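Engineer: Provided herewith is a single structure, encoded as structure tokens, for subsequent inquiry.
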Amino acid sequence: MDLLEYQVKEWFGKIGIPVLPSQRIDHPTDLKRLKIRYPIVLKSQVYAGERAKAGGVRFVETTIDAIAAAQTIFSLPIWGELPEVLLAESHYVSQQELYLAVVLDTAVCRPVLLGCNEADIDWELAGEKMHHVVVEQEFSPFYARRLALKMGLQGTLMQSVSTVVEKLYRLFVQKDLDLVEINPLAVNNSGQVMALNGKVSINERAIGRHPDLADIAVKIANRHNGSLLKGHLGDWDGVELHGKIGILGNGTGSMMATLDLVTSAGGKPGSCLNLRHAFLTDISPTTFCDRLAKGLNILAADKSIQVILINLLGSVPQAEEVADIITNFVQHDKSAAKSAGSGSHGSRSRRESHLPRLVVRIAGSEFNVAKDFLATLKTQSDALIVVENLDEAVTEAVRLAKPTAHKKV
């Protein structure tokens with residue numbers, strides 16, 4: 001989970017990293033009550049990169065120009081994302097720009113300090129330009145000074161940069177981050193340093209340990225159409241698509257395989273969730289069954305989902321409770337369908353009240369009890385299909401998701 005720039009700057013300021021005077025702008029008229037002096041920079045607050053190239057960063061010198069620029073930026077999508085907030089910030093003239101970061105290197109399982117004498121670079125692609133120091137033991141200022149020396153810095157600048165690195169590392173540890181970077185760290189004529197832009201990537205597994213992060217996660221989730229999914233997750237814990245078949249799996253491999261098979265069978269996958277891990281907004285410990293119930297409700301709330309395909313492979317705890325949760329979901333589905341309408345309008349009522357069908361694939365000896373119970377329930381409701389073979393489950397899901405042709409009377 002990434003933060004927006006204005007949120008990063010708030011964190012920087014609290015921990016003592018130098019940042020410019022700034023103000024959050026929720027509407028262009030907020031600029032009439034601006035508390036910082038002109039000239040200022042207006043920045044679009046979106047998760048996408050390359051804001052300046054897309055026109056999302058504007059320099060202005062008067063209130064009239066600022067309001068006009070803000071109206072333009074609020075209406076400017078960057079990689080399909082419109083900003084809900086702008087950041088107004090004092091203008092800063094720099095003579096030199098550096099790059100600093102602390103990143104969790106999964107290859108060595110240690111934090112790594114990064115520094116470069118060039119800004120606006122990707123730390124993963126910088127190659128030999130990027131200097132690094134692995135924090136092999138308990139952190140001390142020695143590591144920060146070592147990075148500054150590797151970057152060729154001297155005197156007051158070396159000390160200033162070392163101090164910023166120390167504070168970056170403190171923030172990295174306090175918030176359980178995957179990455180915290182300053183890009184660029186500007187240096188002016190007098191040698192003062194200033195963080196002009198920053199990025200923070202939060203480890204989703206750590207959200208439950210930090211109530212403030214949980215609040216941010218909830219706001220992000222609500223912003224994205226009320227969904228608890230995050231489409232740019234790189235670890236396949238959740239993928240937001242726009243097809244008709246929602247997918248729940250109990251592992252990254254099973255979810256990816258199911259998604260591929262649905263696509264190969266001519267179906268259109270919708271949102272997918274990996275039930276092996278907690279959701280972003282879970283601030284307390286959850287069980288697999290908690291996540292299953294929550295996942296079913298999330299997908300059922302998506303009006304584009306017509307079928308929910310559950311692929312449970314291997315051993316999961318609380319197998320009998322899994323059957324109870326699926327049973328409760330189907331029975332609620334059936335009750336809702338009856339209350340929505342009856343008789344010859346049953347199919348139309350089901351569609352109007354948006355009650356997705358359920359296809360469950362269960363594999364593994366520990367699921368025998370759950371499988372037998374669900375197989376019995378299947379004969380009582382057409383909302384549930386239980387199979388053991390994944391190909392068969394995918395075929396059924398794709399069939400149910402296809403529109404039914406109705407004969408004219």
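Labels used: A, B, ... for chains in the order of the structure tokens, numbers from 1 for residues in each chain, and numbers from 1 for ligands as shown.
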Considering only C-alpha atoms, return as a list in words whatever protein or nucleic-acid residues lie within 10 Å of Ile325 of chain A, sequence-local ones (same chain, fewer than 2 positions apart) excluded.

Structural biologist: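 Those residues are Cys289, Asp290, Leu292, Ala293, Leu296, Glu320, Glu321, Val322, Ala323, Thr327, Asn328, Phe329, Val330 and Gln331 of chain A.
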
Engineer: Using only C-alpha atoms, which residues sit within 7 Å of Leu275 of chain A once same-chain residues fewer than 6 positions away are excluded, as a ChimeraX atom specification?

Structural biologist: /A:248-251,288,291-292

Engineer: Mind pulling up the distance from atom CA of Leu86 of chain A to atom CA of Ala69 of chain A?

Structural biologist: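 Pair atom CA of Ala69 of chain A / atom CA of Leu86 of chain A returns 10.7 Å.
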
Engineer: As JSON, numbers by chain, please: every residue in segment 74-249 of chain A that a backbone DSSP assignment puts in alpha helix (DSSP H).

Structural biologist: {"A": [74, 141, 142, 143, 144, 145, 146, 147, 148, 149, 150, 155, 156, 157, 158, 159, 160, 161, 162, 163, 164, 165, 166, 167, 168, 169, 170, 171, 172, 173, 174, 211, 212, 213, 214, 215, 216, 217, 218, 219, 220, 221, 222, 223]}

Engineer: Keeping N, CA and C atoms for every residue in the selection just given, could you write it to a file as a compact mmCIF listing (two decimals), in the first residue's frame?

Structural biologist:
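Listing of result-v1.txt after writing:
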# COMPACT_ATOMS: atom_id res chain seq x y z
N PHE A 74 -7.62 19.22 -11.18
CA PHE A 74 -8.68 18.37 -10.63
C PHE A 74 -9.41 17.60 -11.73
N PRO A 141 24.44 5.56 13.54
CA PRO A 141 24.76 6.63 12.57
C PRO A 141 25.92 6.26 11.64
N PHE A 142 26.71 5.28 12.02
CA PHE A 142 27.82 4.85 11.16
C PHE A 142 27.33 4.45 9.78
N TYR A 143 26.20 3.74 9.72
CA TYR A 143 25.68 3.30 8.42
C TYR A 143 25.30 4.49 7.54
N ALA A 144 24.68 5.49 8.14
CA ALA A 144 24.27 6.68 7.37
C ALA A 144 25.48 7.44 6.85
N ARG A 145 26.49 7.61 7.70
CA ARG A 145 27.70 8.32 7.26
C ARG A 145 28.43 7.53 6.18
N ARG A 146 28.40 6.22 6.30
CA ARG A 146 29.06 5.39 5.28
C ARG A 146 28.41 5.58 3.92
N LEU A 147 27.08 5.69 3.89
CA LEU A 147 26.39 5.92 2.62
C LEU A 147 26.76 7.29 2.06
N ALA A 148 26.77 8.31 2.92
CA ALA A 148 27.11 9.66 2.45
C ALA A 148 28.52 9.71 1.89
N LEU A 149 29.46 9.00 2.52
CA LEU A 149 30.84 8.94 2.01
C LEU A 149 30.90 8.24 0.67
N LYS A 150 30.13 7.16 0.51
CA LYS A 150 30.11 6.46 -0.77
C LYS A 150 29.58 7.36 -1.88
N GLY A 155 31.93 17.42 4.32
CA GLY A 155 31.64 18.56 5.19
C GLY A 155 30.21 18.62 5.68
N THR A 156 29.65 19.83 5.63
CA THR A 156 28.30 20.07 6.16
C THR A 156 27.26 19.26 5.41
N LEU A 157 27.40 19.13 4.08
CA LEU A 157 26.44 18.39 3.29
C LEU A 157 26.43 16.92 3.69
N MET A 158 27.59 16.35 3.94
CA MET A 158 27.66 14.96 4.37
C MET A 158 26.90 14.77 5.68
N GLN A 159 27.08 15.71 6.60
CA GLN A 159 26.40 15.61 7.89
C GLN A 159 24.89 15.77 7.73
N SER A 160 24.45 16.71 6.89
CA SER A 160 23.02 16.94 6.67
C SER A 160 22.35 15.72 6.06
N VAL A 161 23.00 15.15 5.05
CA VAL A 161 22.44 13.97 4.38
C VAL A 161 22.42 12.78 5.33
N SER A 162 23.48 12.62 6.12
CA SER A 162 23.53 11.52 7.08
C SER A 162 22.38 11.60 8.07
N THR A 163 22.09 12.83 8.52
CA THR A 163 20.99 13.03 9.47
C THR A 163 19.66 12.66 8.85
N VAL A 164 19.45 13.03 7.58
CA VAL A 164 18.21 12.68 6.88
C VAL A 164 18.10 11.16 6.74
N VAL A 165 19.20 10.51 6.41
CA VAL A 165 19.18 9.04 6.27
C VAL A 165 18.81 8.38 7.59
N GLU A 166 19.36 8.87 8.69
CA GLU A 166 19.03 8.32 10.00
C GLU A 166 17.52 8.42 10.27
N LYS A 167 16.93 9.56 9.94
CA LYS A 167 15.50 9.75 10.18
C LYS A 167 14.65 8.91 9.23
N LEU A 168 15.13 8.74 7.99
CA LEU A 168 14.44 7.84 7.07
C LEU A 168 14.40 6.42 7.63
N TYR A 169 15.53 5.99 8.18
CA TYR A 169 15.60 4.63 8.72
C TYR A 169 14.68 4.49 9.95
N ARG A 170 14.66 5.52 10.78
CA ARG A 170 13.78 5.47 11.96
C ARG A 170 12.32 5.35 11.54
N LEU A 171 11.91 6.10 10.50
CA LEU A 171 10.55 6.01 9.99
C LEU A 171 10.29 4.63 9.39
N PHE A 172 11.27 4.11 8.68
CA PHE A 172 11.17 2.80 8.05
C PHE A 172 10.86 1.72 9.09
N VAL A 173 11.54 1.78 10.23
CA VAL A 173 11.35 0.78 11.29
C VAL A 173 10.06 1.02 12.06
N GLN A 174 9.77 2.26 12.39
CA GLN A 174 8.58 2.58 13.18
C GLN A 174 7.30 2.14 12.50
N PRO A 211 -2.77 1.21 14.15
CA PRO A 211 -4.13 1.73 13.93
C PRO A 211 -4.18 2.89 12.94
N ASP A 212 -3.16 3.76 12.93
CA ASP A 212 -3.18 4.88 11.99
C ASP A 212 -3.09 4.39 10.55
N LEU A 213 -2.32 3.31 10.31
CA LEU A 213 -2.23 2.75 8.97
C LEU A 213 -3.55 2.09 8.57
N ALA A 214 -4.21 1.47 9.54
CA ALA A 214 -5.51 0.83 9.26
C ALA A 214 -6.52 1.88 8.82
N ASP A 215 -6.50 3.05 9.46
CA ASP A 215 -7.42 4.13 9.07
C ASP A 215 -7.15 4.58 7.63
N ILE A 216 -5.88 4.69 7.27
CA ILE A 216 -5.52 5.08 5.90
C ILE A 216 -5.98 4.01 4.92
N ALA A 217 -5.79 2.73 5.28
CA ALA A 217 -6.19 1.63 4.40
C ALA A 217 -7.69 1.65 4.14
N VAL A 218 -8.47 1.94 5.18
CA VAL A 218 -9.92 2.00 5.02
C VAL A 218 -10.31 3.12 4.06
N LYS A 219 -9.65 4.28 4.19
CA LYS A 219 -9.96 5.41 3.31
C LYS A 219 -9.60 5.08 1.86
N ILE A 220 -8.46 4.41 1.67
CA ILE A 220 -8.07 4.01 0.31
C ILE A 220 -9.08 3.04 -0.27
N ALA A 221 -9.49 2.07 0.55
CA ALA A 221 -10.46 1.08 0.09
C ALA A 221 -11.78 1.74 -0.28
N ASN A 222 -12.25 2.66 0.54
CA ASN A 222 -13.51 3.34 0.25
C ASN A 222 -13.41 4.21 -0.98
N ARG A 223 -12.22 4.75 -1.22
CA ARG A 223 -12.04 5.62 -2.39
C ARG A 223 -12.18 4.84 -3.68

Engineer: Identify, with DSSP run on backbone atoms, the residues in segment 123-186 of chain A assigned to strand (DSSP E), and express the list as a count of residues only.

Structural biologist: 14

Engineer: As an exercise, work out the distance from atom CA of Gln95 of chain A to atom CA of Gly191 of chain A in Å and give it to one decimal place.

Structural biologist: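 Atom-to-atom, atom CA of Gln95 of chain A and atom CA of Gly191 of chain A are spaced 8.8 Å apart.
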
Engineer: Quick one: residues within 12 Å of Ser254 of chain A, only C-alpha atoms, excluding same-chain residues fewer than 2 positions away - as a ChimeraX atom specification?

Structural biologist: /A:236-237,247-252,256-261,272-276,309-314,361-363,390

Engineer: Which residues are close to Glu118 of chain A, i.e. within 7 Å by only C-alpha atoms, leaving aside same-chain residues fewer than 3 positions away? Reply as a VMD selection string.

Structural biologist: chain A and resid 97 to 99

Engineer: Please save N, CA and C atoms of the selected residues as a PDB file, in the first residue's frame.

Structural biologist:
ATOM      1  N   GLU A  97      20.464  18.044  -6.683  1.00  0.00           N
ATOM      2  CA  GLU A  97      19.406  17.136  -6.281  1.00  0.00           C
ATOM      3  C   GLU A  97      19.957  15.735  -6.120  1.00  0.00           C
ATOM      4  N   LEU A  98      19.574  15.086  -5.011  1.00  0.00           N
ATOM      5  CA  LEU A  98      20.053  13.748  -4.682  1.00  0.00           C
ATOM      6  C   LEU A  98      18.872  12.788  -4.537  1.00  0.00           C
ATOM      7  N   TYR A  99      19.198  11.521  -4.465  1.00  0.00           N
ATOM      8  CA  TYR A  99      18.192  10.486  -4.221  1.00  0.00           C
ATOM      9  C   TYR A  99      18.590   9.722  -2.970  1.00  0.00           C
TER      10      TYR A  99
END

Engineer: A:Phe139, A:Val57, A:Thr62, A:Ala195: which is nearest Gly16 of chain A, counting only C-alpha atoms?

Structural biologist: A:Ala195

Engineer: Skipping near chain neighbours, those fewer than 6 positions away, what residues fall within 6 Å of segment 40-46 of chain A using only C-alpha atoms, listed as JSON, numbers by chain?

Structural biologist: {"A": [56, 57, 58, 59, 60, 83, 85, 86, 87, 88, 89, 90, 91]}

Engineer: Which is closer to Ser264 of chain A than all the others in A:Val394, A:Leu20, A:Val108, A:Met1, using only C-alpha atoms?

Structural biologist: A:Val394

Engineer: So the first atom is atom CA of Lys9 of chain A and the second is atom CA of Glu136 of chain A; what is the distance between them in Å, to one decimal place?

Structural biologist: 28.3 Å
